[in-house]
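Chemist: Dropping in query.cif, which is mmCIF, C-alpha atoms:
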```
data_upload
loop_
_atom_site.label_atom_id
_atom_site.label_comp_id
_atom_site.auth_asym_id
_atom_site.auth_seq_id
_atom_site.Cartn_x
_atom_site.Cartn_y
_atom_site.Cartn_z
CA MET A 8 -11.29 -44.52 18.59
CA THR A 9 -11.87 -47.80 16.75
CA ASP A 10 -13.60 -48.23 13.42
CA ALA A 11 -16.49 -49.82 15.30
CA ASP A 12 -16.83 -46.70 17.43
CA ASP A 13 -16.73 -44.59 14.30
CA VAL A 14 -19.33 -46.74 12.60
CA GLU A 15 -21.67 -46.18 15.53
CA LEU A 16 -20.92 -42.47 15.64
CA VAL A 17 -21.59 -42.14 11.91
CA ARG A 18 -24.81 -44.12 12.26
CA LEU A 19 -26.08 -41.78 14.96
CA ALA A 20 -24.98 -38.72 13.03
CA LEU A 21 -26.79 -39.92 9.93
CA ALA A 22 -29.86 -40.45 12.08
CA ARG A 23 -29.68 -36.68 12.69
CA ASP A 24 -28.66 -36.98 16.30
CA ARG A 25 -27.38 -33.47 16.88
CA GLY A 26 -24.91 -34.36 19.58
CA SER A 27 -23.42 -37.14 17.47
CA GLN A 28 -23.15 -34.86 14.48
CA ARG A 29 -21.28 -32.38 16.60
CA ARG A 30 -18.96 -35.01 18.07
CA LEU A 31 -18.26 -36.41 14.63
CA ALA A 32 -17.60 -33.01 13.11
CA ALA A 33 -15.33 -32.08 16.01
CA ARG A 34 -13.48 -35.37 15.63
CA LEU A 35 -12.87 -34.88 11.89
CA LEU A 36 -12.17 -31.18 12.05
CA ASP A 37 -8.42 -31.50 12.64
CA ALA A 38 -7.90 -34.04 9.88
CA ILE A 39 -9.82 -31.90 7.43
CA HIS A 40 -7.94 -28.82 8.53
CA ARG A 41 -4.60 -30.53 7.95
CA GLU A 42 -5.62 -31.52 4.45
CA VAL A 43 -7.01 -28.14 3.54
CA ALA A 44 -4.08 -26.25 5.03
CA THR A 45 -1.58 -28.40 3.18
CA VAL A 46 -3.17 -28.13 -0.24
CA THR A 47 -4.11 -24.47 -0.03
CA GLY A 48 -0.72 -23.61 1.42
CA ARG A 49 1.15 -23.85 -1.83
CA HIS A 50 -1.49 -21.90 -3.70
CA ALA A 51 -1.57 -19.15 -1.12
CA SER A 52 2.18 -18.87 -0.84
CA ALA A 53 2.36 -18.59 -4.59
CA ARG A 54 -0.01 -15.63 -4.42
CA GLY A 55 1.46 -14.15 -1.25
CA ARG A 56 -1.84 -13.84 0.57
CA ASP A 57 -3.02 -14.60 4.06
CA ARG A 58 -4.87 -17.85 3.73
CA HIS A 59 -6.04 -18.35 7.29
CA GLN A 60 -9.62 -17.28 6.66
CA ASP A 61 -9.70 -19.18 3.38
CA VAL A 62 -8.66 -22.32 5.22
CA ILE A 63 -11.30 -21.83 7.90
CA ASP A 64 -13.98 -21.33 5.28
CA LEU A 65 -12.89 -24.40 3.37
CA VAL A 66 -12.83 -26.57 6.48
CA GLN A 67 -16.41 -25.57 7.16
CA GLU A 68 -17.29 -26.20 3.53
CA VAL A 69 -15.95 -29.74 3.75
CA LEU A 70 -17.78 -30.45 6.98
CA VAL A 71 -21.02 -29.24 5.46
CA SER A 72 -20.44 -31.41 2.41
CA LEU A 73 -20.21 -34.49 4.63
CA PHE A 74 -23.58 -33.93 6.27
CA GLU A 75 -25.66 -32.11 3.68
CA LYS A 76 -28.18 -33.88 1.46
CA ASP A 77 -28.97 -36.36 4.19
CA GLY A 78 -25.31 -37.25 4.64
CA GLN A 79 -24.94 -38.46 1.07
CA GLU A 80 -21.16 -38.07 1.16
CA LEU A 81 -20.68 -39.48 4.63
CA ARG A 82 -22.69 -42.59 3.73
CA ARG A 83 -19.99 -43.49 1.23
CA TRP A 84 -17.51 -44.30 3.97
CA ASP A 85 -17.04 -48.04 4.19
CA PRO A 86 -14.48 -49.20 6.75
CA ALA A 87 -14.38 -52.59 5.03
CA ARG A 88 -12.24 -50.96 2.36
CA GLY A 89 -9.52 -50.43 4.93
CA ARG A 90 -9.74 -46.66 5.05
CA SER A 91 -10.26 -44.97 8.39
CA LEU A 92 -12.97 -42.37 8.79
CA GLU A 93 -10.31 -39.73 9.23
CA SER A 94 -8.58 -40.72 6.02
CA PHE A 95 -11.90 -40.77 4.21
CA ALA A 96 -12.65 -37.25 5.41
CA ARG A 97 -9.27 -36.10 4.14
CA LEU A 98 -10.07 -37.50 0.72
CA VAL A 99 -13.35 -35.63 0.69
CA ALA A 100 -11.45 -32.50 1.65
CA ARG A 101 -8.85 -33.04 -1.06
CA ARG A 102 -11.52 -33.28 -3.75
CA ARG A 103 -13.43 -30.30 -2.41
CA VAL A 104 -10.37 -28.08 -2.29
CA ALA A 105 -9.29 -29.19 -5.74
CA ARG A 106 -12.63 -28.17 -7.18
CA LEU A 107 -12.14 -24.68 -5.84
CA LEU A 108 -8.54 -24.36 -6.86
CA THR A 109 -8.39 -26.02 -10.22
CA ARG A 110 -7.88 -23.88 -13.25
CA PHE A 111 -9.29 -26.38 -15.70
CA ARG A 112 -12.61 -25.87 -17.34
CA GLY A 113 -15.12 -28.68 -17.32
CA ASN A 114 -14.48 -32.12 -15.95
CA PRO A 115 -11.77 -34.00 -17.84
CA TRP A 116 -13.10 -37.27 -16.43
CA SER A 117 -16.26 -36.84 -18.40
CA LEU A 118 -14.25 -36.87 -21.62
CA VAL A 119 -12.93 -40.35 -21.02
CA PRO A 120 -15.38 -43.26 -21.15
CA VAL A 121 -15.89 -45.07 -17.86
CA ASP A 122 -14.98 -48.38 -19.43
CA ALA A 123 -11.89 -46.98 -21.11
CA ALA A 124 -9.38 -49.76 -21.42
CA GLY A 125 -6.54 -50.80 -23.65
CA ASP A 126 -2.87 -50.12 -23.40
CA GLY A 127 -3.44 -46.52 -22.31
CA LEU A 128 -0.80 -45.33 -24.70
CA ASP A 129 -2.92 -43.89 -27.45
CA GLU A 130 -2.57 -40.48 -25.81
CA PRO A 131 0.86 -38.93 -26.18
CA GLU A 132 3.05 -38.88 -23.09
CA VAL A 133 3.84 -35.40 -21.82
CA ARG A 134 6.79 -33.99 -19.99
CA LEU A 135 6.14 -32.00 -16.82
CA GLU A 136 9.25 -30.44 -15.41
CA ASP A 137 7.62 -27.76 -13.32
CA ARG A 138 6.31 -28.77 -9.94
CA ALA A 139 3.51 -26.24 -10.17
CA ASP A 140 2.35 -27.92 -13.38
CA LEU A 141 2.32 -31.27 -11.67
CA GLU A 142 0.32 -29.81 -8.80
CA ALA A 143 -2.12 -28.37 -11.30
CA VAL A 144 -2.63 -31.79 -12.85
CA LEU A 145 -3.14 -33.38 -9.45
CA ASP A 146 -5.71 -30.70 -8.57
CA GLY A 147 -7.40 -31.27 -11.91
CA LEU A 148 -7.60 -34.98 -11.29
CA TYR A 149 -9.07 -34.61 -7.82
CA ALA A 150 -11.45 -31.88 -8.92
CA GLY A 151 -13.21 -34.27 -11.25
CA MET A 152 -13.08 -37.35 -9.08
CA GLU A 153 -16.06 -39.01 -7.53
CA SER A 154 -15.55 -40.42 -4.06
CA ARG A 155 -14.80 -43.84 -5.49
CA ASP A 156 -12.21 -42.47 -7.92
CA ALA A 157 -10.39 -40.77 -5.08
CA GLU A 158 -10.28 -43.98 -3.08
CA LEU A 159 -9.04 -45.90 -6.09
CA PHE A 160 -6.34 -43.34 -6.79
CA GLU A 161 -5.06 -43.67 -3.26
CA LEU A 162 -5.06 -47.45 -3.35
CA VAL A 163 -3.66 -47.91 -6.84
CA PHE A 164 -1.12 -45.13 -7.19
CA VAL A 165 -0.42 -43.68 -3.75
CA ASP A 166 -0.47 -46.88 -1.71
CA GLU A 167 0.67 -48.93 -4.74
CA LEU A 168 -1.46 -51.95 -3.92
CA ASP A 169 -1.74 -54.58 -6.59
CA SER A 170 -4.91 -54.71 -8.63
CA ASP A 171 -6.13 -57.90 -6.96
CA GLU A 172 -6.01 -56.29 -3.53
CA VAL A 173 -7.62 -53.10 -4.81
CA GLY A 174 -10.39 -55.15 -6.41
CA ARG A 175 -10.96 -57.08 -3.21
CA ARG A 176 -11.24 -53.93 -1.12
CA MET A 177 -13.39 -52.04 -3.56
CA GLY A 178 -15.53 -54.96 -4.66
CA MET A 179 -14.35 -54.68 -8.25
CA SER A 180 -13.16 -57.23 -10.74
CA LEU A 181 -9.55 -57.22 -11.83
CA GLY A 182 -10.64 -56.04 -15.25
CA ALA A 183 -12.60 -53.16 -13.77
CA VAL A 184 -9.63 -52.04 -11.72
CA ASN A 185 -7.35 -52.14 -14.74
CA ALA A 186 -9.90 -50.29 -16.84
CA TRP A 187 -10.05 -47.61 -14.19
CA ARG A 188 -6.24 -47.47 -14.07
CA TYR A 189 -6.07 -46.85 -17.80
CA ARG A 190 -8.79 -44.29 -17.62
CA VAL A 191 -7.12 -42.20 -14.95
CA ARG A 192 -3.90 -42.25 -16.92
CA LYS A 193 -5.68 -40.88 -19.95
CA VAL A 194 -7.32 -38.16 -17.87
CA ALA A 195 -3.97 -37.24 -16.33
CA ARG A 196 -2.30 -37.03 -19.71
CA ARG A 197 -4.99 -34.78 -21.07
CA LEU A 198 -4.66 -32.51 -18.08
CA ALA A 199 -0.89 -32.45 -18.41
CA ALA A 200 -1.16 -31.60 -22.08
CA GLU A 201 -3.56 -28.81 -21.25
CA VAL A 202 -1.20 -27.44 -18.61
CA LEU A 203 1.62 -27.32 -21.09
CA THR A 204 -0.52 -25.80 -23.77
CA HIS A 205 -1.45 -22.89 -21.56
CA ARG A 206 2.00 -22.15 -20.22
CA PRO A 207 3.59 -18.91 -21.46
CA SER A 208 6.68 -20.74 -22.58
CA SER A 209 5.33 -24.14 -23.40
CA LEU A 210 7.72 -27.01 -23.39
CA ALA A 211 5.81 -28.19 -26.40
CA GLY A 212 4.42 -30.93 -24.23
CA VAL A 213 4.53 -33.89 -26.46
CA ALA A 214 7.58 -35.92 -25.65
CA GLY A 215 6.60 -39.24 -27.00
CA LYS A 216 6.05 -42.45 -25.12
CA GLY A 217 8.15 -42.97 -22.06
CA ALA A 218 9.04 -39.33 -21.55
CA VAL A 219 10.43 -38.16 -18.24
CA VAL A 220 8.24 -36.66 -15.53
CA ASP A 221 9.92 -34.73 -12.75
CA GLY A 222 7.75 -34.33 -9.70
CA GLY A 223 10.50 -33.47 -7.28
CA MET B 5 7.68 -45.55 -18.92
CA ALA B 6 4.00 -45.05 -19.41
CA ASP B 7 3.21 -44.62 -15.71
CA GLU B 8 5.78 -41.98 -14.92
CA LEU B 9 3.24 -39.20 -14.87
CA MET B 10 1.12 -41.21 -12.47
CA GLN B 11 4.13 -42.02 -10.33
CA ALA B 12 4.99 -38.34 -10.09
CA LEU B 13 1.42 -37.49 -9.16
CA ALA B 14 1.37 -40.23 -6.54
CA ARG B 15 4.66 -38.95 -5.14
CA LEU B 16 3.19 -35.48 -4.89
CA ARG B 17 0.15 -36.87 -3.13
CA ARG B 18 2.34 -38.74 -0.65
CA GLU B 19 4.13 -35.47 0.05
CA GLU B 20 0.79 -33.90 0.79
CA HIS B 21 0.05 -36.68 3.26
CA ALA B 22 3.38 -36.13 4.96
CA ALA B 23 3.00 -32.36 5.07
CA GLY B 24 -0.46 -32.62 6.60
CA GLY B 25 0.97 -33.74 9.90
CA SER B 26 2.73 -30.45 10.44
CA ALA B 27 -0.32 -28.22 10.18
CA GLU B 28 -1.07 -26.29 13.35
CA ALA B 29 -4.22 -27.19 15.22
CA LEU B 30 -7.07 -24.72 15.16
CA ALA B 31 -7.66 -22.69 18.28
CA GLU B 32 -10.71 -23.64 20.30
CA PRO B 33 -12.71 -20.47 19.52
CA THR B 34 -12.07 -21.04 15.83
CA ARG B 35 -13.18 -24.65 16.10
CA GLU B 36 -16.38 -23.56 17.80
CA ARG B 37 -16.98 -20.96 15.10
CA VAL B 38 -16.49 -23.53 12.36
CA LEU B 39 -18.88 -25.99 14.01
CA ALA B 40 -21.50 -23.31 14.65
CA GLY B 41 -21.26 -22.17 11.05
CA MET B 42 -21.59 -25.74 9.83
CA PHE B 43 -24.80 -26.29 11.77
CA GLU B 44 -26.11 -22.94 10.63
CA ARG B 45 -25.68 -23.95 7.02
CA LEU B 46 -27.09 -27.41 7.55
CA ASP B 47 -30.12 -25.94 9.31
CA ALA B 48 -30.59 -23.53 6.45
CA GLU B 49 -30.44 -26.43 4.00
CA SER B 50 -32.95 -28.36 6.08
CA ALA B 51 -35.23 -25.34 6.36
CA SER B 52 -35.03 -24.87 2.62
CA ARG B 53 -36.19 -28.45 2.10
CA HIS B 54 -39.02 -27.96 4.56
CA ASP B 55 -40.03 -24.76 2.83
CA GLN B 56 -40.76 -26.79 -0.27
CA ALA B 57 -43.33 -28.83 1.64
CA PRO B 58 -45.98 -27.03 3.70
CA ALA B 59 -45.36 -27.33 7.42
CA GLN B 60 -47.85 -29.48 9.27
CA VAL B 61 -48.63 -26.76 11.73
CA VAL B 62 -49.89 -24.46 8.97
CA SER B 63 -53.61 -24.77 8.49
CA LEU B 64 -55.30 -24.67 5.09
CA ALA B 65 -56.59 -21.17 5.65
CA SER B 66 -53.20 -20.07 6.82
CA ARG B 67 -51.50 -21.41 3.72
CA ARG B 68 -53.83 -19.32 1.62
CA TRP B 69 -53.01 -16.35 3.79
CA VAL B 70 -49.30 -16.83 3.34
CA THR B 71 -49.72 -17.14 -0.41
CA VAL B 72 -51.70 -13.92 -0.61
CA LEU B 73 -49.24 -12.10 1.55
CA GLY B 74 -46.42 -13.08 -0.72
CA ALA B 75 -47.66 -10.51 -3.25
CA VAL B 76 -48.65 -7.74 -0.88
CA LEU B 77 -46.72 -4.77 0.42
CA ALA B 78 -47.60 -3.85 3.97
CA ALA B 79 -46.39 -1.78 6.85
CA ALA B 80 -43.79 -3.40 9.03
CA LEU B 81 -43.27 -3.49 12.73
CA LEU B 82 -40.97 -5.40 15.02
CA LEU B 83 -42.16 -5.47 18.58
CA VAL B 84 -40.03 -7.02 21.26
CA LEU B 85 -41.15 -7.79 24.72
CA LEU B 86 -40.08 -10.01 27.50
CA ARG B 87 -42.34 -12.43 29.24
CA PRO B 88 -40.27 -14.13 31.90
CA SER B 89 -41.84 -17.32 32.97
CA SER B 90 -42.69 -17.46 36.64
CA ASP B 91 -42.20 -21.17 36.81
CA ALA B 92 -38.86 -21.46 35.01
CA LEU B 93 -37.07 -24.26 36.82
CA THR B 94 -33.39 -23.70 36.40
CA LEU B 95 -33.02 -20.71 34.13
CA PRO B 96 -33.17 -17.02 35.06
CA SER B 97 -35.53 -14.63 33.36
CA TYR B 98 -34.28 -12.99 30.18
CA THR B 99 -34.65 -9.45 28.92
CA ILE B 100 -34.22 -7.92 25.51
CA THR B 101 -31.21 -5.65 25.73
CA ARG B 102 -30.85 -4.87 22.06
CA ALA B 103 -33.22 -4.81 19.11
CA ASP B 104 -31.70 -3.28 16.01
CA GLY B 105 -32.43 -3.66 12.35
CA GLY B 106 -34.84 -2.58 9.70
CA ASP B 107 -36.10 1.00 9.72
CA ALA B 108 -34.28 2.86 12.46
CA LYS B 109 -36.93 5.58 12.59
CA VAL B 110 -39.50 3.35 14.17
CA ARG B 111 -37.53 0.58 15.68
CA SER B 112 -37.30 1.72 19.26
CA ARG B 113 -39.67 2.90 21.93
CA PRO B 114 -37.36 2.87 24.91
CA ALA B 115 -40.01 4.12 27.29
CA GLU B 116 -41.96 0.95 26.78
CA PRO B 117 -41.04 -2.62 27.54
CA LEU B 118 -41.72 -3.23 23.86
CA GLN B 119 -39.25 -2.28 21.18
CA HIS B 120 -40.06 -1.76 17.56
CA LEU B 121 -38.22 -2.57 14.37
CA GLN B 122 -39.45 -2.22 10.83
CA LEU B 123 -38.24 -4.67 8.23
CA THR B 124 -38.73 -4.25 4.54
CA THR B 125 -38.19 -7.91 3.71
CA PRO B 126 -37.37 -11.08 5.63
CA ARG B 127 -33.83 -10.67 4.36
CA ASP B 128 -33.27 -7.51 6.39
CA ALA B 129 -30.58 -7.85 9.01
CA ILE B 130 -31.59 -7.88 12.63
CA ASP B 131 -29.49 -7.71 15.76
CA VAL B 132 -31.38 -8.84 18.82
CA VAL B 133 -29.76 -9.64 22.16
CA VAL B 134 -31.54 -11.51 24.92
CA THR B 135 -29.75 -11.31 28.26
CA PRO B 136 -30.39 -13.36 31.41
CA ALA B 137 -31.21 -11.54 34.66
CA THR B 138 -28.33 -13.35 36.28
CA ALA B 139 -25.31 -14.91 34.63
CA THR B 140 -25.85 -18.52 33.72
CA ARG B 141 -23.62 -21.10 32.16
CA THR B 142 -26.45 -23.52 31.54
CA THR B 143 -26.27 -24.78 27.98
CA VAL B 144 -29.51 -23.77 26.37
CA ASP B 145 -31.49 -24.37 23.24
CA VAL B 146 -33.15 -21.43 21.55
CA THR B 147 -36.41 -22.02 19.72
CA LEU B 148 -38.50 -19.53 17.81
CA VAL B 149 -42.23 -20.11 17.57
CA ALA B 150 -43.91 -17.55 15.31
CA ARG B 151 -47.66 -16.96 15.03
CA THR B 152 -49.85 -14.66 13.02
CA PRO B 153 -53.12 -13.25 14.37
CA ASP B 154 -55.07 -15.71 12.26
CA GLY B 155 -53.25 -18.73 13.56
CA VAL B 156 -50.40 -19.54 11.23
CA VAL B 157 -47.61 -21.15 13.28
CA VAL B 158 -43.99 -21.58 12.25
CA ARG B 159 -41.36 -23.09 14.51
CA SER B 160 -37.57 -22.99 14.15
CA VAL B 161 -34.79 -24.26 16.43
CA VAL B 162 -32.00 -21.70 16.15
CA THR B 163 -29.58 -22.86 18.82
CA ASP B 164 -26.69 -23.14 16.39
CA ARG B 165 -27.53 -19.98 14.49
CA VAL B 166 -27.33 -17.62 17.44
CA GLU B 167 -24.31 -16.43 19.36
CA HIS B 168 -24.02 -17.65 22.94
CA ALA B 169 -22.08 -15.43 25.33
CA PRO B 170 -20.28 -17.12 28.23
CA GLU B 171 -22.59 -15.48 30.79
CA GLY B 172 -25.69 -16.63 28.98
CA ALA B 173 -26.66 -13.75 26.68
CA ILE B 174 -27.98 -14.81 23.31
CA ARG B 175 -27.51 -12.74 20.19
CA MET B 176 -29.38 -13.13 16.94
CA ARG B 177 -27.40 -11.18 14.38
CA ALA B 178 -28.13 -11.99 10.74
CA PRO B 179 -30.87 -11.51 8.20
CA LEU B 180 -34.16 -12.50 9.78
CA ASP B 181 -34.70 -15.32 7.32
CA ARG B 182 -31.54 -17.00 8.57
CA PHE B 183 -33.43 -17.70 11.78
CA ILE B 184 -36.95 -18.31 10.61
CA ALA B 185 -38.81 -18.27 7.31
CA LEU B 186 -41.67 -15.79 7.56
CA GLY B 187 -43.89 -14.20 4.97
CA VAL B 188 -45.24 -10.69 4.70
CA GLY B 189 -47.37 -9.50 7.59
CA THR B 190 -47.29 -9.34 11.36
CA TRP B 191 -45.86 -12.21 13.34
CA ARG B 192 -45.62 -12.80 17.06
CA ILE B 193 -42.49 -14.79 17.75
CA ASP B 194 -41.82 -16.52 21.04
CA VAL B 195 -38.10 -16.83 21.68
CA VAL B 196 -37.95 -19.80 24.01
CA ILE B 197 -34.79 -20.38 26.03
CA SER B 198 -34.69 -23.89 27.43
CA PRO B 199 -32.13 -26.40 28.70
CA VAL B 200 -30.32 -28.10 25.85
CA GLY B 201 -32.18 -31.08 24.49
CA THR B 202 -35.60 -29.74 25.42
CA VAL B 203 -38.19 -30.18 22.71
CA ILE B 204 -40.37 -27.12 22.34
CA ASP B 205 -43.54 -27.87 20.44
CA ALA B 206 -45.51 -25.10 18.85
CA ASP B 207 -48.60 -25.66 20.95
CA SER B 208 -47.31 -27.16 24.16
CA LYS B 209 -47.06 -25.41 27.50
CA HIS B 210 -43.61 -25.34 29.02
CA PRO B 211 -41.92 -23.72 32.00
CA TRP B 212 -39.05 -22.00 30.21
CA PRO B 213 -38.35 -18.27 29.80
CA ILE B 214 -39.84 -16.64 26.74
CA ALA B 215 -39.13 -13.39 24.95
CA THR B 216 -41.80 -12.51 22.45
CA LEU B 217 -41.17 -10.74 19.17
CA GLN B 218 -43.91 -9.33 17.01
CA VAL B 219 -42.67 -9.00 13.47
CA THR B 220 -44.43 -7.33 10.58
CA ILE B 221 -42.71 -7.60 7.24
CA ASP B 222 -43.34 -5.25 4.30
CA ALA B 223 -42.57 -7.37 1.30
CA PRO B 224 -41.53 -10.89 0.42
#
```
Have the structure of the file written as structure tokens, please.

Modeler:
Amino acid sequence: MTDADDVELVRLALARDRGSQRRLAARLLDAIHREVATVTGRHASARGRDRHQDVIDLVQEVLVSLFEKDGQELRRWDPARGRSLESFARLVARRRVARLLTRFRGNPWSLVPVDAAGDGLDEPEVRLEDRADLEAVLDGLYAGMESRDAELFELVFVDELDSDEVGRRMGMSLGAVNAWRYRVRKVARRLAAEVLTHRPSSLAGVAGKGAVVDGG
Amino acid sequence: MADELMQALARLRREEHAAGGSAEALAEPTRERVLAGMFERLDAESASRHDQAPAQVVSLASRRWVTVLGAVLAAALLLVLLRPSSDALTLPSYTITRADGGDAKVRSRPAEPLQHLQLTTPRDAIDVVVTPATATRTTVDVTLVARTPDGVVVRSVVTDRVEHAPEGAIRMRAPLDRFIALGVGTWRIDVVISPVGTVIDADSKHPWPIATLQVTIDAP
């Protein structure tokens, strides 16, 4: 299915055409399921519980979140940014799951000003050597992200596009992209510091600038 | 390096992307259940929004009636009867084969074509099954049109909130207010079974099979 087909399907679905809503939901169901199953998998295995029903419930939760409130979430999909509808749905799923799984209180993003800029190094670097800690930070990041943040994170850090390209796709100035980049780093560091603080045998966390992070 | 934390997070995220491809696909019945549940919740959200604005089919006098009833306790009765339409075009007639819920002491009068249930509140669970006279695989819509004796009319399309058996039986199994938002008092509810896509208006005549429920609710 092409983006043009998807654009038309989304348009009909947002116009409350029941059949189109069903076709769209059925089309995205597998992508959402893959995302939910992957992210919940590590949590469930860590707790040794059967996660099948949890996954099913979460998949439905994500689908509802796309269509509810007059399709507010779904309307944010813009194929001009280079992200397929399927990929967009997976990002929505990632954020939704993170909000349910995260162990952080409050939204760390709200603690960092939107226009935060600078060298990004005024927060101490932290050392994360435990994969579970790193996963917790990633969950914490996604849990507080708006749709746009999640797209930016994928473009900037996961896809490693340069800031010019990110700005072009997202309709942002170079300065705005860099400000966002600094901001997310500050949020991540705060989350990492919090993870270390609450570990039974804390690694003391603060390792100074340029400390090593092991995500493997 | 200042971005090492971000690089590690991005690496983890890329691993998630890669792992996603190995997830097993959901079985078809599970997919159907997920989609049905999604529409059920979206319909509930939509109904909730509509509840905040008076429905157009509710007259001024009826609105006053509903408001008064919201504070009144009354006796409750659920009466189920079948009224197969003689001019149904492609669908068989339907009969009520189960009507459970509410007060079991008064819910059933098996000797009569009518069955009785007593609900304390609209949140009481009901379990009503409507079965076709002959098996049918026609995809149907299910619409509830509820009326009070003094003319209040409430309509609700419940196609995605009911269970559809392969041979055509329809089961409504949930709290009553999951299907239709009704106040205290006695309601006559037409359960209209029609080919999918059919629009059933509250006041229009149509050729499709109808099962009629009379519901009286004790308390809000």

Chemist: I would like the residues chosen by the PyMOL selection byres ((chain B) within 10 of (chain A)) on the shown file; could you give them as a PyMOL selection string?

Modeler: chain B and resi 5-30+34-47+49-50+53+201

Chemist: Would you write out, as a short mmCIF file (atom, residue, chain, number, x, y, z; two decimals) with C-alpha atoms, in the frame of the given file, every residue that the PyMOL selection byres ((chain B and resi 132) around 6) captures in this file?

Modeler:
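As a result, out.cif now contains:
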```
data_model
loop_
_atom_site.label_atom_id
_atom_site.label_comp_id
_atom_site.auth_asym_id
_atom_site.auth_seq_id
_atom_site.Cartn_x
_atom_site.Cartn_y
_atom_site.Cartn_z
CA ARG B 102 -30.85 -4.87 22.06
CA ALA B 103 -33.22 -4.81 19.11
CA ASP B 131 -29.49 -7.71 15.76
CA VAL B 133 -29.76 -9.64 22.16
CA ARG B 175 -27.51 -12.74 20.19
CA MET B 176 -29.38 -13.13 16.94
#
```

Chemist: I'd like the interatomic distance between atom CA of Leu121 of chain B and atom CA of Gly106 of chain B, to a tenth of an Å.

Modeler: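 A separation of 5.8 Å between them.
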
Chemist: Do a neighbour search on Ile204 of chain B at 10 Å with all atoms listed in the file, toss out local chain neighbours closer than 6 positions, and write the hits as a list in words.

Modeler: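 These residues fall inside the cut-off: Asp145, Val146, Thr147, Leu148, Val149, Arg159, Ser160, Val161, Val196, Ile197, Ser198, His210 and Trp212 of chain B.
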
Chemist: Need the shell around Gly105 of chain B: protein/DNA/RNA residues with any atom at most 10 Å away, counting only C-alpha atoms. Skip same-chain ones fewer than 4 positions apart. Format as a list in words?

Modeler: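 The residues that qualify are Leu82, Arg111, His120, Leu121, Gln122, Leu123, Asp128, Ala129, Ile130, Asp131, Val132, Arg177, Ala178, Pro179 and Leu180 of chain B.
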
Chemist: So that I can check the surroundings of Arg155 of chain A, please list as number ranges by chain every protein, DNA and RNA residue that reaches within 12 Å of it, counting all atoms listed in the file and ignoring chain neighbours fewer than 5 positions away.

Modeler: A: 80, 83-85, 88, 95, 98-99, 102, 149, 160-163, 173, 176-179, 184, 187

Chemist: Write out as a list in words each polymer residue whose atoms come within 7 Å of segment 188-192 of chain B, counting only C-alpha atoms; drop sequence neighbours fewer than 4 positions from it.

Modeler: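 Returned residues: Leu73, Gly74, Ala78, Ala150, Arg151, Thr152, Thr216, Leu217, Gln218, Val219, Thr220, Ile221, Asp222, Ala223 and Pro224 of chain B.
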
Chemist: With the file shown as input, list the residues that the PyMOL selection byres ((chain A and resi 17) around 9) selects, as a list of chain:residue names.

Modeler: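 Applied to this file, the PyMOL selection byres ((chain A and resi 17) around 9) selects A:Asp12, A:Asp13, A:Val14, A:Glu15, A:Leu16, A:Arg18, A:Leu19, A:Ala20, A:Leu21, A:Ala22, A:Ser27, A:Gln28, A:Leu31, A:Leu81, A:Arg82.
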
Chemist: Please determine, counting all atoms listed in the file, which residue among B:Thr163, B:Thr125, B:Thr202, B:Thr142 has the shortest atom-to-atom distance to Thr94 of chain B.

Modeler: B:Thr142
